[in-house]
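File shown: final20.pdb. Contents: PDB, C-alpha atoms.
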MODEL        1
ATOM      1  CA  MET A  67       5.925   9.525  13.483
ATOM      2  CA  SER A  68       5.713  12.836  11.629
ATOM      3  CA  ARG A  69       2.499  14.837  11.810
ATOM      4  CA  PRO A  70       0.134  14.361   8.852
ATOM      5  CA  ASN A  71       0.225  17.285   6.407
ATOM      6  CA  ALA A  72      -1.624  17.112   3.102
ATOM      7  CA  LEU A  73      -1.563  18.594  -0.367
ATOM      8  CA  ILE A  74      -4.874  18.326  -2.254
ATOM      9  CA  VAL A  75      -4.804  18.681  -6.046
ATOM     10  CA  ASP A  76      -8.186  18.764  -7.756
ATOM     11  CA  SER A  77      -9.960  20.949 -10.316
ATOM     12  CA  SER A  78     -13.091  21.100  -8.133
ATOM     13  CA  THR A  79     -13.236  23.645  -5.326
ATOM     14  CA  PHE A  80     -15.981  21.573  -3.685
ATOM     15  CA  VAL A  81     -13.879  18.372  -3.692
ATOM     16  CA  ARG A  82     -10.866  20.172  -2.252
ATOM     17  CA  GLY A  83     -12.994  21.733   0.489
ATOM     18  CA  PHE A  84     -14.677  18.413   1.290
ATOM     19  CA  ILE A  85     -11.370  16.572   1.650
ATOM     20  CA  LYS A  86      -9.867  19.372   3.701
ATOM     21  CA  LYS A  87     -12.813  19.351   6.117
ATOM     22  CA  VAL A  88     -12.482  15.585   6.707
ATOM     23  CA  LEU A  89      -8.705  15.760   7.136
ATOM     24  CA  VAL A  90      -8.753  18.627   9.607
ATOM     25  CA  GLU A  91     -11.951  18.081  11.592
ATOM     26  CA  GLU A  92     -12.165  14.302  11.727
ATOM     27  CA  LEU A  93      -8.629  12.999  11.212
ATOM     28  CA  LYS A  94      -6.808  15.901  12.905
ATOM     29  CA  PHE A  95      -4.326  16.602  10.145
ATOM     30  CA  ASP A  96      -1.899  19.277  11.232
ATOM     31  CA  LYS A  97      -1.933  21.257   7.996
ATOM     32  CA  THR A  98      -3.475  21.122   4.519
ATOM     33  CA  ARG A  99      -2.747  22.987   1.297
ATOM     34  CA  ASP A 100      -4.742  22.777  -1.916
ATOM     35  CA  THR A 101      -4.648  23.844  -5.542
ATOM     36  CA  SER A 102      -6.297  23.107  -8.860
ATOM     37  CA  ASP A 103      -3.030  23.336 -10.778
ATOM     38  CA  HIS A 104      -0.511  20.470 -10.985
ATOM     39  CA  GLY A 105       2.375  22.826 -11.681
ATOM     40  CA  GLU A 106       1.540  24.839  -8.577
ATOM     41  CA  ALA A 107       1.245  21.593  -6.644
ATOM     42  CA  MET A 108       4.828  20.692  -7.548
ATOM     43  CA  ARG A 109       6.028  24.091  -6.365
ATOM     44  CA  MET A 110       4.114  23.681  -3.097
ATOM     45  CA  LEU A 111       5.599  20.227  -2.597
ATOM     46  CA  GLU A 112       9.140  21.484  -3.145
ATOM     47  CA  ALA A 113       8.614  24.502  -0.876
ATOM     48  CA  ASP A 114       7.045  22.600   2.021
ATOM     49  CA  ARG A 115       8.953  19.463   2.941
ATOM     50  CA  SER A 116       6.494  18.655   5.744
ATOM     51  CA  ILE A 117       3.849  17.498   3.213
ATOM     52  CA  ASN A 118       3.569  13.722   3.564
ATOM     53  CA  TRP A 119       0.152  13.064   1.966
ATOM     54  CA  VAL A 120      -0.912  13.986  -1.570
ATOM     55  CA  PHE A 121      -4.479  13.585  -2.821
ATOM     56  CA  GLY A 122      -4.222  13.983  -6.591
ATOM     57  CA  GLU A 123      -6.870  14.115  -9.289
ATOM     58  CA  TRP A 124      -5.963  11.638 -12.023
ATOM     59  CA  ASP A 125      -8.187  12.755 -14.867
ATOM     60  CA  GLY A 126      -8.049  16.523 -14.450
ATOM     61  CA  PRO A 127      -7.754  19.115 -17.231
ATOM     62  CA  ALA A 128      -4.203  20.233 -16.477
ATOM     63  CA  LEU A 129      -0.915  18.289 -16.515
ATOM     64  CA  PRO A 130      -1.520  14.547 -17.125
ATOM     65  CA  ALA A 131      -1.452  12.812 -13.770
ATOM     66  CA  ARG A 132       0.969  10.132 -14.997
ATOM     67  CA  GLU A 133       3.513  12.856 -15.728
ATOM     68  CA  TYR A 134       2.703  14.641 -12.482
ATOM     69  CA  LEU A 135       3.114  11.465 -10.395
ATOM     70  CA  GLU A 136       6.389  10.657 -12.128
ATOM     71  CA  LYS A 137       7.734  14.138 -11.412
ATOM     72  CA  MET A 138       6.562  13.959  -7.819
ATOM     73  CA  ARG A 139       8.220  10.597  -7.239
ATOM     74  CA  LYS A 140      11.517  11.852  -8.666
ATOM     75  CA  SER A 141      11.541  14.960  -6.476
ATOM     76  CA  ALA A 142      13.266  14.855  -3.103
ATOM     77  CA  ALA A 143      10.123  16.166  -1.422
ATOM     78  CA  GLY A 144       7.738  13.709  -3.024
ATOM     79  CA  LYS A 145       9.587  10.452  -2.517
ATOM     80  CA  GLN A 146       8.241   9.910   0.998
ATOM     81  CA  ALA A 147       4.721  11.255   0.472
ATOM     82  CA  LYS A 148       1.771   8.881   0.276
ATOM     83  CA  PHE A 149      -0.100   9.447  -2.984
ATOM     84  CA  VAL A 150      -3.849   8.754  -3.079
ATOM     85  CA  MET A 151      -5.172   8.839  -6.646
ATOM     86  CA  MET A 152      -8.676  10.216  -7.206
ATOM     87  CA  SER A 153     -10.380   9.032 -10.382
ATOM     88  CA  SER A 154     -13.776   9.322 -12.018
ATOM     89  CA  GLY A 155     -13.406   5.851 -13.537
ATOM     90  CA  ASP A 156     -15.051   2.660 -12.277
ATOM     91  CA  GLU A 157     -13.494   0.859  -9.317
ATOM     92  CA  ASN A 158     -11.816  -1.973 -11.239
ATOM     93  CA  SER A 159     -10.195   0.456 -13.677
ATOM     94  CA  ALA A 160      -9.113   2.772 -10.874
ATOM     95  CA  ARG A 161      -7.592  -0.099  -8.889
ATOM     96  CA  ALA A 162      -5.649  -1.375 -11.892
ATOM     97  CA  LEU A 163      -4.465   2.141 -12.682
ATOM     98  CA  ALA A 164      -3.318   2.824  -9.121
ATOM     99  CA  ILE A 165      -1.358  -0.441  -8.978
ATOM    100  CA  ARG A 166       0.235   0.124 -12.370
ATOM    101  CA  GLU A 167       1.276   3.709 -11.704
ATOM    102  CA  GLY A 168       2.579   3.165  -8.178
ATOM    103  CA  ALA A 169       0.019   5.105  -6.133
ATOM    104  CA  GLN A 170      -0.435   3.965  -2.534
ATOM    105  CA  ASP A 171      -4.219   3.846  -2.945
ATOM    106  CA  TYR A 172      -7.138   5.255  -4.893
ATOM    107  CA  LEU A 173     -10.577   6.785  -4.460
ATOM    108  CA  CYS A 174     -13.391   6.661  -7.033
ATOM    109  CA  LYS A 175     -15.428   9.847  -7.344
ATOM    110  CA  PRO A 176     -17.830  10.527  -5.856
ATOM    111  CA  PHE A 177     -16.661   9.173  -2.493
ATOM    112  CA  SER A 178     -18.112   9.567   0.980
ATOM    113  CA  GLN A 179     -16.572  10.926   4.151
ATOM    114  CA  GLN A 180     -16.445   7.378   5.529
ATOM    115  CA  GLN A 181     -14.651   6.040   2.444
ATOM    116  CA  LEU A 182     -12.053   8.794   2.640
ATOM    117  CA  SER A 183     -11.508   8.281   6.375
ATOM    118  CA  ARG A 184     -11.132   4.523   6.053
ATOM    119  CA  LYS A 185      -8.652   4.884   3.219
ATOM    120  CA  ILE A 186      -6.459   7.246   5.199
ATOM    121  CA  GLN A 187      -6.681   5.186   8.378
ATOM    122  CA  ARG A 188      -5.709   2.053   6.434
ATOM    123  CA  LEU A 189      -2.645   3.728   4.956
ATOM    124  CA  ALA A 190      -1.674   5.240   8.315
ATOM    125  CA  GLY A 191      -1.965   1.801   9.899
ATOM    126  CA  LEU A 192       0.210   0.377   7.162
ATOM    127  CA  GLU A 193       2.896   2.935   7.954
ATOM    128  CA  GLU A 194       2.771   1.958  11.622
ATOM    129  CA  ARG A 195       3.171  -1.688  10.700
ATOM    130  CA  ARG A 196       6.207  -0.810   8.622
ATOM    131  CA  GLN A 197       7.808   0.646  11.753
ATOM    132  CA  ALA A 198       7.967  -2.874  13.172
ATOM    133  CA  GLU A 199      11.343  -4.601  12.861
ATOM    134  CA  ARG A 200      11.494  -6.338   9.498
ATOM    135  CA  VAL A 201      13.823  -9.200   8.742
ATOM    136  CA  ARG A 202      15.008  -9.249   5.139
ATOM    137  CA  LEU A 203      15.983 -12.642   3.859
ATOM    138  CA  ASP A 204      19.061 -13.413   1.787
ATOM    139  CA  THR A 205      18.007 -16.987   1.110
ATOM    140  CA  THR A 206      14.889 -18.470  -0.431
ATOM    141  CA  CYS A 207      12.192 -19.516   2.000
ATOM    142  CA  GLU A 208       9.175 -21.330   0.663
ATOM    143  CA  ILE A 209       5.748 -19.938   1.357
ATOM    144  CA  ASP A 210       2.254 -20.836   0.210
ATOM    145  CA  ILE A 211      -0.470 -18.223  -0.249
ATOM    146  CA  GLY A 212      -4.054 -19.441  -0.381
ATOM    147  CA  PHE A 213      -7.011 -17.205  -1.214
ATOM    148  CA  ASP A 214      -9.450 -20.098  -1.370
ATOM    149  CA  ALA A 215      -9.363 -23.879  -1.752
ATOM    150  CA  PHE A 216      -8.879 -23.590  -5.507
ATOM    151  CA  GLN A 217      -6.364 -20.730  -5.639
ATOM    152  CA  THR A 218      -3.047 -21.454  -3.907
ATOM    153  CA  TYR A 219       0.263 -19.906  -4.946
ATOM    154  CA  GLY A 220       3.818 -20.777  -4.024
ATOM    155  CA  GLY A 221       6.189 -17.906  -3.401
ATOM    156  CA  ASP A 222       9.386 -16.529  -1.875
ATOM    157  CA  LEU A 223       9.350 -14.705   1.442
ATOM    158  CA  LEU A 224      11.242 -11.409   0.936
ATOM    159  CA  ASP A 225      10.858 -10.000   4.428
ATOM    160  CA  ILE A 226       8.808 -10.580   7.557
ATOM    161  CA  SER A 227       7.931  -8.857  10.834
ATOM    162  CA  ALA A 228       5.579  -9.489  13.747
ATOM    163  CA  THR A 229       2.808  -7.694  11.829
ATOM    164  CA  GLY A 230       3.147  -8.917   8.250
ATOM    165  CA  CYS A 231       5.328 -10.021   5.374
ATOM    166  CA  LEU A 232       6.281  -9.267   1.779
ATOM    167  CA  VAL A 233       6.024 -12.115  -0.712
ATOM    168  CA  ARG A 234       7.147 -12.566  -4.299
ATOM    169  CA  THR A 235       4.970 -14.921  -6.299
ATOM    170  CA  SER A 236       3.430 -15.553  -9.716
ATOM    171  CA  GLN A 237       0.834 -13.275 -11.260
ATOM    172  CA  LEU A 238      -2.538 -13.886  -9.631
ATOM    173  CA  GLN A 239      -5.658 -15.091 -11.351
ATOM    174  CA  GLN A 240      -8.071 -12.299 -12.224
ATOM    175  CA  GLY A 241     -10.339 -11.484  -9.290
ATOM    176  CA  TYR A 242      -7.897 -12.680  -6.618
ATOM    177  CA  GLY A 243      -5.459 -10.739  -4.500
ATOM    178  CA  ARG A 244      -7.360  -7.471  -4.366
ATOM    179  CA  ILE A 245      -6.634  -4.961  -1.622
ATOM    180  CA  ASP A 246      -8.282  -6.081   1.653
ATOM    181  CA  ASP A 247      -8.810  -9.652   0.394
ATOM    182  CA  ILE A 248      -8.505 -12.207   3.183
ATOM    183  CA  GLY A 249      -6.394 -15.323   2.795
ATOM    184  CA  THR A 250      -3.955 -17.629   4.547
ATOM    185  CA  VAL A 251      -0.179 -17.764   4.448
ATOM    186  CA  LYS A 252       1.535 -21.050   5.150
ATOM    187  CA  LEU A 253       5.110 -20.568   6.321
ATOM    188  CA  LEU A 254       7.285 -23.632   5.971
ATOM    189  CA  PRO A 255      10.007 -23.660   8.642
ATOM    190  CA  GLY A 256      12.740 -26.156   7.806
ATOM    191  CA  GLY A 257      12.044 -29.513   9.395
ATOM    192  CA  LYS A 258       9.044 -28.255  11.337
ATOM    193  CA  ASN A 259       5.294 -28.252  10.985
ATOM    194  CA  PRO A 260       3.850 -25.525   8.701
ATOM    195  CA  LEU A 261       2.734 -22.321  10.388
ATOM    196  CA  ASN A 262      -0.620 -21.097   9.044
ATOM    197  CA  ILE A 263      -1.466 -17.412   9.569
ATOM    198  CA  ASP A 264      -4.570 -15.494   8.487
ATOM    199  CA  VAL A 265      -3.703 -12.454   6.388
ATOM    200  CA  LYS A 266      -5.169  -9.442   4.607
ATOM    201  CA  VAL A 267      -3.792  -8.122   1.326
ATOM    202  CA  ARG A 268      -2.435  -4.621   1.958
ATOM    203  CA  ARG A 269      -0.285  -4.019  -1.109
ATOM    204  CA  LEU A 270      -0.073  -5.570  -4.562
ATOM    205  CA  GLN A 271       2.497  -4.650  -7.170
ATOM    206  CA  TYR A 272       3.344  -6.143 -10.554
ATOM    207  CA  ASP A 273       6.864  -5.769 -11.921
ATOM    208  CA  LYS A 274       6.337  -4.348 -15.394
ATOM    209  CA  ASN A 275       9.965  -5.079 -16.291
ATOM    210  CA  SER A 276       9.898  -8.748 -15.329
ATOM    211  CA  THR A 277       9.814 -11.326 -18.115
ATOM    212  CA  ASP A 278       8.991 -14.180 -15.744
ATOM    213  CA  PRO A 279       5.240 -14.521 -14.993
ATOM    214  CA  LEU A 280       6.098 -16.959 -12.192
ATOM    215  CA  SER A 281       7.827 -14.271 -10.107
ATOM    216  CA  ASN A 282       6.559 -10.899 -11.282
ATOM    217  CA  THR A 283       4.224 -10.083  -8.382
ATOM    218  CA  GLN A 284       4.895  -8.734  -4.894
ATOM    219  CA  ILE A 285       2.192  -8.876  -2.231
ATOM    220  CA  GLY A 286       2.293  -7.066   1.099
ATOM    221  CA  LEU A 287       0.313  -9.066   3.664
ATOM    222  CA  GLU A 288      -0.875  -8.069   7.135
ATOM    223  CA  PHE A 289      -1.148 -10.764   9.795
ATOM    224  CA  TYR A 290      -4.344 -10.648  11.844
ATOM    225  CA  ASP A 291      -6.436 -12.541  14.378
ATOM    226  CA  MET A 292      -3.405 -14.321  15.856
ATOM    227  CA  GLY A 293      -3.645 -15.985  19.242
ATOM    228  CA  ALA A 294      -0.826 -16.377  21.753
ATOM    229  CA  THR A 295       0.277 -19.726  20.306
ATOM    230  CA  VAL A 296       0.584 -18.423  16.738
ATOM    231  CA  ASN A 297       2.363 -15.275  17.957
ATOM    232  CA  ALA A 298       4.920 -17.379  19.815
ATOM    233  CA  LYS A 299       5.523 -19.618  16.806
ATOM    234  CA  LEU A 300       5.836 -16.585  14.526
ATOM    235  CA  ALA A 301       8.393 -14.989  16.869
ATOM    236  CA  ALA A 302      10.408 -18.222  16.828
ATOM    237  CA  PHE A 303      10.208 -18.339  13.033
ATOM    238  CA  ILE A 304      11.443 -14.755  12.730
ATOM    239  CA  GLU A 305      14.357 -15.489  15.063
ATOM    240  CA  SER A 306      15.286 -18.494  12.932
ATOM    241  CA  CYS A 307      15.237 -16.242   9.853
ATOM    242  CA  LYS A 308      17.673 -13.827  11.548
ATOM    243  CA  LYS A 309      20.115 -16.636  12.169
ATOM    244  CA  THR A 310      20.122 -17.809   8.568
ATOM    245  CA  ARG A 311      20.755 -14.404   6.984
TER     246      ARG A 311
ENDMDL
END

So, in terms of structure tokens, how does the structure I just supplied come out?
Amino acid sequence: MSRPNALIVDSSTFVRGFIKKVLVEELKFDKTRDTSDHGEAMRMLEADRSINWVFGEWDGPALPAREYLEKMRKSAAGKQAKFVMMSSGDENSARALAIREGAQDYLCKPFSQQQLSRKIQRLAGLEERRQAERVRLDTTCEIDIGFDAFQTYGGDLLDISATGCLVRTSQLQQGYGRIDDIGTVKLLPGGKNPLNIDVKVRRLQYDKNSTDPLSNTQIGLEFYDMGATVNAKLAAFIESCKKTR
């Protein structure tokens, strides 16, 4: 895995210094660069291809962050960088904004050292999980997602690994499916008993271009708290998926 190198874009010198201190001293980032100007940030990103984390102020006085994020995502240098949006808005608004605009995560100002560290560690862990072999499915495989006894969703399993899965389902009821929510996935192997696995929501994305509310949502789920029996059954399920591709 590449060493963590960050670009910090914020109008506040204090905020930039605070983030830099946490990244370098606590999280052992290899290198950090910072600026208050979005245009300068783009030039830094293009000049230094080792930057793989961007902490960007959303509601700053310079270039609108929506335009900045769009430009960053289209650039060769920015496509692989993890973008953490920093907003002065309330948490619900910031979460909705981050999901809608395609940021990997968000932070609401003011935020603590612990909040920043946890956010980065969560995203780094997600990247590690993505390194696990993932089986992409060419055929529909039924799956049930339950967040509580009264909120259960059917869905299609898009890919799966030993650490998690990606599911396409209908748009969730308000208040459900937030990042770090805990739920249960019920895999339905053909002709076999259902396999129930505890999960955490790690990614949630709505397809703005979809006209079908029954399949416009993708959820990235992390498996957790699995014993030896569940691990063995999951491995067998994944092998069966490989054979049916």

Polymer residues at most 12 Å from Asp171 (chain A), all atoms listed in the file, same-chain spacing of 4 or more positions, as a PyMOL selection string:
chain A and resi 119-122+148-153+157+160-167+181-182+184-190+192+244-246+268-271

Closest of A:Leu238, A:Cys231, A:Ala147, A:Val81 to Ser116 (chain A) - atom-to-atom distances counting all atoms listed in the file
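Closest candidate: A:Ala147.
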
Translate the PyMOL selection byres ((chain A and resi 301) around 12) into a concrete residue list for this structure, as a list in words.
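With the PyMOL selection byres ((chain A and resi 301) around 12) on this model, the match is Glu199, Arg200, Val201, Ile226, Ser227, Ala228, Thr229, Gly230, Leu261, Met292, Ala294, Thr295, Val296, Asn297, Ala298, Lys299, Leu300, Ala302, Phe303, Ile304, Glu305, Ser306, Cys307 and Lys308 of chain A.
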
Report the residues retrieved by the PyMOL selection byres ((chain A and resi 93) around 12) from the displayed file, expressed as a list in words.
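Evaluating the PyMOL selection byres ((chain A and resi 93) around 12) on these coordinates yields Arg69, Pro70, Asn71, Ala72, Ile85, Lys86, Lys87, Val88, Leu89, Val90, Glu91, Glu92, Lys94, Phe95, Asp96, Lys97, Thr98, Gln179, Gln180, Leu182, Ser183, Arg184, Lys185, Ile186, Gln187 and Ala190 of chain A.
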
Between CA of Pro255 (chain A) and CA of Ile285 (chain A), what distance in Å does the model show, to one decimal?
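Separation between CA of Pro255 (chain A) and CA of Ile285 (chain A): 19.9 Å.
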
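The coordinates place CA of Ser281 (chain A) at 13.5 Å from CA of Ile211 (chain A).
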
Evaluating the PyMOL selection byres ((chain A and resi 264) around 9) on the displayed file yields which residues, as a PyMOL selection string?
chain A and resi 248-252+262-263+265-266+288-292

Students should find that CA of Arg234 (chain A) and CA of Gln217 (chain A) are spaced 15.8 Å

Can you list, as a JSON list (two decimals) with C-alpha atoms, in the coordinates of the input, every protein, DNA or RNA residue that comes within 6 Å of Ile209 (chain A) when you count only C-alpha atoms, leaving out same-chain residues fewer than 4 positions away?
[["chain", "number", "residue", "atom", "x", "y", "z"],
["A", 220, "GLY", "CA", 3.82, -20.78, -4.02],
["A", 221, "GLY", "CA", 6.19, -17.91, -3.40],
["A", 222, "ASP", "CA", 9.39, -16.53, -1.88],
["A", 252, "LYS", "CA", 1.54, -21.05, 5.15],
["A", 253, "LEU", "CA", 5.11, -20.57, 6.32]]

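Using all atoms listed in the file, the shortest contact distance between Leu111 (chain A) and any of A:Lys145, A:Lys258, A:Arg82, A:Lys309 is found at A:Lys145.
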
Compile the contact shell of Asp278 (chain A) as a list in words: residues with an atom at most 12 Å away, counting all atoms listed in the file, same-chain residues fewer than 4 positions apart removed.
Arg234, Thr235, Ser236, Gln237, Tyr272, Asp273, Lys274, Asn282 and Thr283 of chain A

Store the residues of this selection in a file with C-alpha atoms, as a short mmCIF file (atom, residue, chain, number, x, y, z; two decimals), in the coordinates of the input.
data_model
loop_
_atom_site.label_atom_id
_atom_site.label_comp_id
_atom_site.auth_asym_id
_atom_site.auth_seq_id
_atom_site.Cartn_x
_atom_site.Cartn_y
_atom_site.Cartn_z
CA ARG A 234 7.15 -12.57 -4.30
CA THR A 235 4.97 -14.92 -6.30
CA SER A 236 3.43 -15.55 -9.72
CA GLN A 237 0.83 -13.28 -11.26
CA TYR A 272 3.34 -6.14 -10.55
CA ASP A 273 6.86 -5.77 -11.92
CA LYS A 274 6.34 -4.35 -15.39
CA ASN A 282 6.56 -10.90 -11.28
CA THR A 283 4.22 -10.08 -8.38
#

Smallest atom-to-atom distance to Leu254 (chain A): which of A:Leu73, A:Leu287, A:Ala113, A:Leu223, using all atoms listed in the file?
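When distances to Leu254 (chain A) are compared using all atoms listed in the file, the smallest one comes from A:Leu223.
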
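Distance check against Asp210 (chain A) using all atoms listed in the file: of A:Val233, A:Gly191, A:Glu133, A:Ser159, the minimum falls on A:Val233.
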
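With all atoms listed in the file as the atoms that count, the minimum distance from Asn118 (chain A) to the choices A:Gln146, A:Ser102, A:Thr277, A:Ser141 is reached by A:Gln146.
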